[in-house]
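What follows is a set of notes on a single structure, which appears directly below.
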Amino acid sequence: MQYFMEPTGVAIIGVSQDFKTINGKILKYLLDHKYQGQIYPVNPKYKEIKGLICYSSVGAIPEQVDLALIAVAAARVPGILRDCGAKGIKRAVIFSSGFAETGAEGKAIQDDIIKIAQEFQMRLIGPNCLGILNVSSGLICSFSASMEIESIKAGPVALVSQSGAVGFMLFNLLQEAGVGVNFVITTGNEADVTAGEGLAYVVENPNSKVIVTYLEGLRDGETFKKTAEKAAEAGKPIIALKVGNSASGQKAAATHTAALTGSGAAYKSYFDKMGIIQAKDSDDVIDLAQAFAPGKLPQGDRVGIVTMSGGVGILLADRSEEWGLQVPELSEALQEEVRKVIPSFGCAQNPVDVTAQSLNQGEEFKKCLKILLASDELDMLIVAITMATGKIAEKIGRDIAEAALDTDKPLVVCWSVGQVAKPGFDVLKDAEVPLYHSPARAAKALGSLYQYASFKRRWKTPVAGEINSDRQDKVQLALKESNKALSEHATKELLELYGLPVTKEYVATNAEVAVAFAEKMGYPVVMKIDSPDILHKTEAGGVAVNISSAQDVAAKFNEIMEKGLIYNPQAKINGILIQEQIPPGVEAIIGLQRDPVLGTQIMFGLGGIFVEVLKDVVLKPVPLSREDAHNMLREIKGAALLNGVRGRAAVDKEALVEILLGVSQLAVEAGGSLLSLDINPVTVLEQGRGAKILDGVLVGNTL
């Protein structure tokens, strides 16, 4: 990526002297923003443009060129790429559209340029993109109208977008909000370079402190995951606007887990684990970027609120607590300090109501802010301003900016008026103080800072347990040999390798053997059909419980076999399971689902209505830590049922944790050979009595 983002010279192929055209705008913006490298216009129509020699072809350029910028008709691009390859140019940005996004004909051209790039060991960004920026060097390789500004505000934010239009929309909004940007990378069709590679570059670049990304989907999950880990280790927040969260394109699966997960859920789960902040829309992106750009994180969850209106203070207190922040009452000593600098009819508690009168008292308002920011009783501050205009608004802005620049604690402003307060807005924007026009947005900004700070403090690189090679070989072989789901008994044999508590059971192939097994096990027993072709056993009439005699065992054996063959005449039936009957407990579901991009996710939830109707499940990427497993139990909405309600005893949560950790290790060792696992149900008994896996189905990945 370095040759893309830090080239010593660029060739603009098909350049125009008409700066209103796409080819002309690319040159215009490089000149306007004073690109520090060499510019080589290429077009046989011209001898020179704006004092620059214009070359008839790429081959006519006497010097070596690092980067080619190509904005010509799609059909001409393959030939131009060959010329670039012959010249030794190793990087090209292709702005042109008309490739795979348009259909089969365009895809053929795109396939052609990929082959040409590989032939010449050339890397491509695009096609169908809006280009790249490196603001510090004046490398403005784009034709976006958002470049029609006198100067670009540089800063700590880097932006990587799969959509050129969305990327430069966000760039423009960030600039309007006063947020400085150092890099923009738009990847378009991603014929070669992906968003994951762009993210890797900006995360590793020391000039990038905050990363903003717009993602529709990822092709290189491993690159993205490694980059997310590097960002977490470096303490660089990633703000992601992820769209296209449907599960379309995923392989259909016949398990509950597959229905309850999916690409959108997998991304959310992975983002949560890696501390990636998820934005809902463009406003959210800008709000969050403003909050993170100053580089100040709170040490705790205690927020101070300074307001000129009691009502706004209450609103902010409510919204802050919704984000997990505390609005503590100030100590009497701190209140006494505050009272010295606010009107006598103000309020020195928290929220601190300085009243509108404080605006006419010289430096008192600023002193109040500095007292609160200097206190060890608060970790961050929201300053809420209502109606103030003209010179007064400007003075308020200066006072807040001075206080903000003099502290390492986060300070945000909630100024809920229109452009009448623009003089104050401009001061805050120039000082890079986060400014919001509603209490909810201000509170969310601080809440997001607190959540990221908490993530950063507890972050540890995910580490899987030690791989057991013999066990791994057995699991992968079993999954690869099966071209469909494993039967319940075959699944449990693999689960048992991980020390998981499966039911005691035998497979009977005739009624006489079934009776013998039942007598050996002791009544009552459960009987189930065992077949990889009949996953929904109850629906097929393949389950019988509370069987208490030899006569009943023999009768049920024949009945279940007959119903199974009626349900699926082609089914391979291994026999009938004779299984111990487990006493009632709390039913849970545990599953695995492999996402083609982000890898395997583990799911946990309670059974029955909780999973079937309420979809009350939690997902996390594997591997799990013990802390992750405990958190999964806490994060479901029905968590109280595990602790005991309405006279019921608490269940054995440690037994559940051990099952989650064992399933996580299975996922790690199975790797890409596993598509899904459905353990449903797990019966969890009272504390100290453990848990039992009653049923399960493993599905191998045949792709």
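Ligands are numbered from 1 in the order shown, chains are lettered A, B, ... in the order of the structure tokens, and residues start at 1 in each chain.
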Surrounding residues of A:Pro623 excluding itself and chain neighbours under 3 positions, 10 Å, only C-alpha atoms, as a PyMOL selection string: chain A and resi 462-465+600-602+620+626+628+661+663-668
Selection: 12 Å around A:His630, only C-alpha atoms, excl. self and same-chain fewer than 6 positions, as a PyMOL selection string: chain A and resi 604+618+620+624+636+639+642+653-661
Assign secondary structure with DSSP using the backbone only, and return the residues of stretch 126-269 of chain A in strand (DSSP E or B) as a list in words. Ile132, Leu133, Asn134, Leu139, Ile140, Cys141, Val157, Ala158, Leu159, Val160, Ser161, Val181, Asn182, Phe183, Val184, Ile185, Thr186, Val210, Ile211, Val212, Thr213, Tyr214, Leu215, Ile238, Ile239, Ala240, Leu241 and Lys242 of chain A
N, CA and C atoms of the current selection, written as a short mmCIF file (atom, residue, chain, number, x, y, z; two decimals), in the first residue's frame:
data_model
loop_
_atom_site.label_atom_id
_atom_site.label_comp_id
_atom_site.auth_asym_id
_atom_site.auth_seq_id
_atom_site.Cartn_x
_atom_site.Cartn_y
_atom_site.Cartn_z
N ILE A 132 -8.12 7.86 -3.88
CA ILE A 132 -7.43 7.83 -2.60
C ILE A 132 -6.89 9.22 -2.29
N LEU A 133 -6.67 9.48 -1.00
CA LEU A 133 -6.07 10.73 -0.55
C LEU A 133 -4.99 10.45 0.49
N ASN A 134 -3.90 11.18 0.40
CA ASN A 134 -2.94 11.32 1.49
C ASN A 134 -2.77 12.81 1.68
N LEU A 139 -1.50 14.37 -1.94
CA LEU A 139 -1.87 13.34 -2.91
C LEU A 139 -3.40 13.24 -2.95
N ILE A 140 -4.01 14.02 -3.81
CA ILE A 140 -5.47 14.06 -3.93
C ILE A 140 -5.84 13.37 -5.23
N CYS A 141 -5.90 12.04 -5.20
CA CYS A 141 -6.20 11.26 -6.41
C CYS A 141 -7.68 10.94 -6.43
N VAL A 157 -7.85 11.27 11.67
CA VAL A 157 -8.83 10.30 11.21
C VAL A 157 -8.45 9.75 9.83
N ALA A 158 -8.52 8.43 9.68
CA ALA A 158 -8.32 7.77 8.38
C ALA A 158 -9.63 7.11 7.99
N LEU A 159 -9.95 7.14 6.69
CA LEU A 159 -11.24 6.66 6.21
C LEU A 159 -11.01 5.64 5.11
N VAL A 160 -11.59 4.44 5.28
CA VAL A 160 -11.52 3.39 4.27
C VAL A 160 -12.95 2.98 3.93
N SER A 161 -13.30 3.06 2.65
CA SER A 161 -14.68 2.80 2.23
C SER A 161 -14.73 1.93 0.99
N VAL A 181 -8.78 14.89 8.59
CA VAL A 181 -8.62 13.56 7.98
C VAL A 181 -7.24 13.50 7.33
N ASN A 182 -6.54 12.37 7.53
CA ASN A 182 -5.23 12.25 6.88
C ASN A 182 -5.24 11.33 5.66
N PHE A 183 -6.04 10.26 5.69
CA PHE A 183 -6.08 9.33 4.57
C PHE A 183 -7.52 9.01 4.19
N VAL A 184 -7.76 8.83 2.89
CA VAL A 184 -9.01 8.26 2.39
C VAL A 184 -8.64 7.19 1.37
N ILE A 185 -9.23 6.01 1.51
CA ILE A 185 -9.03 4.92 0.54
C ILE A 185 -10.40 4.38 0.17
N THR A 186 -10.76 4.45 -1.12
CA THR A 186 -12.00 3.83 -1.58
C THR A 186 -11.63 2.68 -2.52
N VAL A 210 -7.58 7.40 14.63
CA VAL A 210 -8.98 6.97 14.63
C VAL A 210 -9.31 6.48 13.21
N ILE A 211 -9.94 5.32 13.11
CA ILE A 211 -10.24 4.72 11.81
C ILE A 211 -11.75 4.73 11.60
N VAL A 212 -12.17 5.24 10.45
CA VAL A 212 -13.59 5.18 10.05
C VAL A 212 -13.67 4.29 8.82
N THR A 213 -14.64 3.37 8.81
CA THR A 213 -14.76 2.50 7.65
C THR A 213 -16.22 2.25 7.29
N TYR A 214 -16.49 2.23 6.00
CA TYR A 214 -17.80 1.85 5.46
C TYR A 214 -17.61 0.51 4.77
N LEU A 215 -18.36 -0.50 5.23
CA LEU A 215 -18.21 -1.85 4.72
C LEU A 215 -19.54 -2.41 4.24
N ILE A 238 -11.80 1.78 15.90
CA ILE A 238 -12.37 1.64 14.56
C ILE A 238 -13.86 1.92 14.65
N ILE A 239 -14.34 2.89 13.88
CA ILE A 239 -15.76 3.21 13.80
C ILE A 239 -16.26 2.65 12.48
N ALA A 240 -17.17 1.67 12.55
CA ALA A 240 -17.59 0.95 11.35
C ALA A 240 -19.06 1.20 11.05
N LEU A 241 -19.32 1.60 9.80
CA LEU A 241 -20.69 1.65 9.28
C LEU A 241 -20.82 0.44 8.37
N LYS A 242 -21.40 -0.63 8.92
CA LYS A 242 -21.53 -1.90 8.19
C LYS A 242 -22.96 -2.03 7.68
#
Please provide as an MDAnalysis selection string all residues within 7 Å of A:Glu216, with the sequence filter that same-chain residues fewer than 4 positions apart are discarded (counting only C-alpha atoms). chainID A and resid 162 242:244
Please report the interatomic distance between atom CA of A:Gly37 and atom CA of A:Asn189 in Å with one decimal.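 Those two atoms sit 27.4 Å apart.
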One decimal, Å: what's the distance from atom CA of A:Ala588 over to atom CA of A:Val684, could you say?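 For atom CA of A:Ala588 relative to atom CA of A:Val684, the distance reads 7.3 Å.
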Need to verify the contact set: A:Ser676, 6 Å, only C-alpha atoms, exclusion of same-chain residues closer than 3 positions in sequence. Can you return it as a PyMOL selection string? chain A and resi 592-593+698-699
For stretch 569-586 of chain A, work out the shell of residues within 6 Å, counting only C-alpha atoms and skipping chain neighbours fewer than 4 positions away, then give it as a PDB file with C-alpha atoms, in the first residue's frame.
ATOM      1  CA  LYS A 504     -25.178 -42.379  28.502  1.00  0.00           C
ATOM      2  CA  GLU A 505     -26.636 -44.281  25.534  1.00  0.00           C
ATOM      3  CA  TYR A 506     -26.387 -47.310  23.278  1.00  0.00           C
ATOM      4  CA  VAL A 507     -27.404 -47.911  19.652  1.00  0.00           C
ATOM      5  CA  ALA A 508     -29.744 -50.890  19.290  1.00  0.00           C
ATOM      6  CA  THR A 509     -30.225 -52.498  15.880  1.00  0.00           C
ATOM      7  CA  VAL A 525     -35.226 -44.704  29.415  1.00  0.00           C
ATOM      8  CA  VAL A 526     -35.537 -42.462  26.371  1.00  0.00           C
ATOM      9  CA  MET A 527     -35.651 -43.975  22.878  1.00  0.00           C
ATOM     10  CA  LYS A 528     -34.695 -42.017  19.716  1.00  0.00           C
ATOM     11  CA  ILE A 529     -34.130 -42.792  16.085  1.00  0.00           C
ATOM     12  CA  ASP A 530     -30.453 -42.373  15.121  1.00  0.00           C
ATOM     13  CA  SER A 531     -30.059 -41.223  11.529  1.00  0.00           C
ATOM     14  CA  ASP A 533     -31.031 -38.145   7.407  1.00  0.00           C
ATOM     15  CA  LEU A 565     -39.084 -45.044   7.203  1.00  0.00           C
ATOM     16  CA  THR A 683     -30.354 -29.741  30.502  1.00  0.00           C
ATOM     17  CA  VAL A 684     -28.735 -27.757  33.323  1.00  0.00           C
ATOM     18  CA  LEU A 685     -29.376 -29.160  36.786  1.00  0.00           C
TER      19      LEU A 685
END
Quick check, in Å to one decimal: how far apart do atom CA of A:Asn350 and atom CA of A:Ala453 lie?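 So the answer is 22.8 Å.
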In stretch 154-276 of chain A, what's alpha helix (DSSP H) per DSSP? Answer as a PyMOL selection string? chain A and resi 164-176+195-204+221-234+256-260+263-274
Close residues, A:Gln551 itself excluded, 12 Å, only C-alpha atoms, min 3 positions apart in chain, as a PyMOL selection string: chain A and resi 511-512+514-516+518-519+547-548+554-558
Can you write out the residues you just picked, keeping C-alpha atoms, as a PDB file, in the first residue's frame?
ATOM      1  CA  ALA A 511     -35.825 -54.968  19.527  1.00  0.00           C
ATOM      2  CA  GLU A 512     -34.096 -57.736  21.474  1.00  0.00           C
ATOM      3  CA  ALA A 514     -32.852 -52.643  22.686  1.00  0.00           C
ATOM      4  CA  VAL A 515     -34.444 -54.490  25.624  1.00  0.00           C
ATOM      5  CA  ALA A 516     -31.059 -55.757  26.785  1.00  0.00           C
ATOM      6  CA  ALA A 518     -32.591 -50.828  28.597  1.00  0.00           C
ATOM      7  CA  GLU A 519     -32.337 -53.516  31.283  1.00  0.00           C
ATOM      8  CA  ILE A 547     -40.234 -45.891  28.729  1.00  0.00           C
ATOM      9  CA  SER A 548     -40.462 -48.114  31.828  1.00  0.00           C
ATOM     10  CA  ALA A 554     -39.778 -53.716  22.239  1.00  0.00           C
ATOM     11  CA  ALA A 555     -43.008 -52.125  21.046  1.00  0.00           C
ATOM     12  CA  LYS A 556     -41.513 -48.651  20.741  1.00  0.00           C
ATOM     13  CA  PHE A 557     -38.495 -49.950  18.851  1.00  0.00           C
ATOM     14  CA  ASN A 558     -40.690 -51.289  16.049  1.00  0.00           C
TER      15      ASN A 558
END
Which residue is closest to A:Gly607? Choose from A:Val682, A:Leu535, A:Leu494, A:Leu130 and count only C-alpha atoms.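 Distance minimum relative to A:Gly607 lands on A:Val682.
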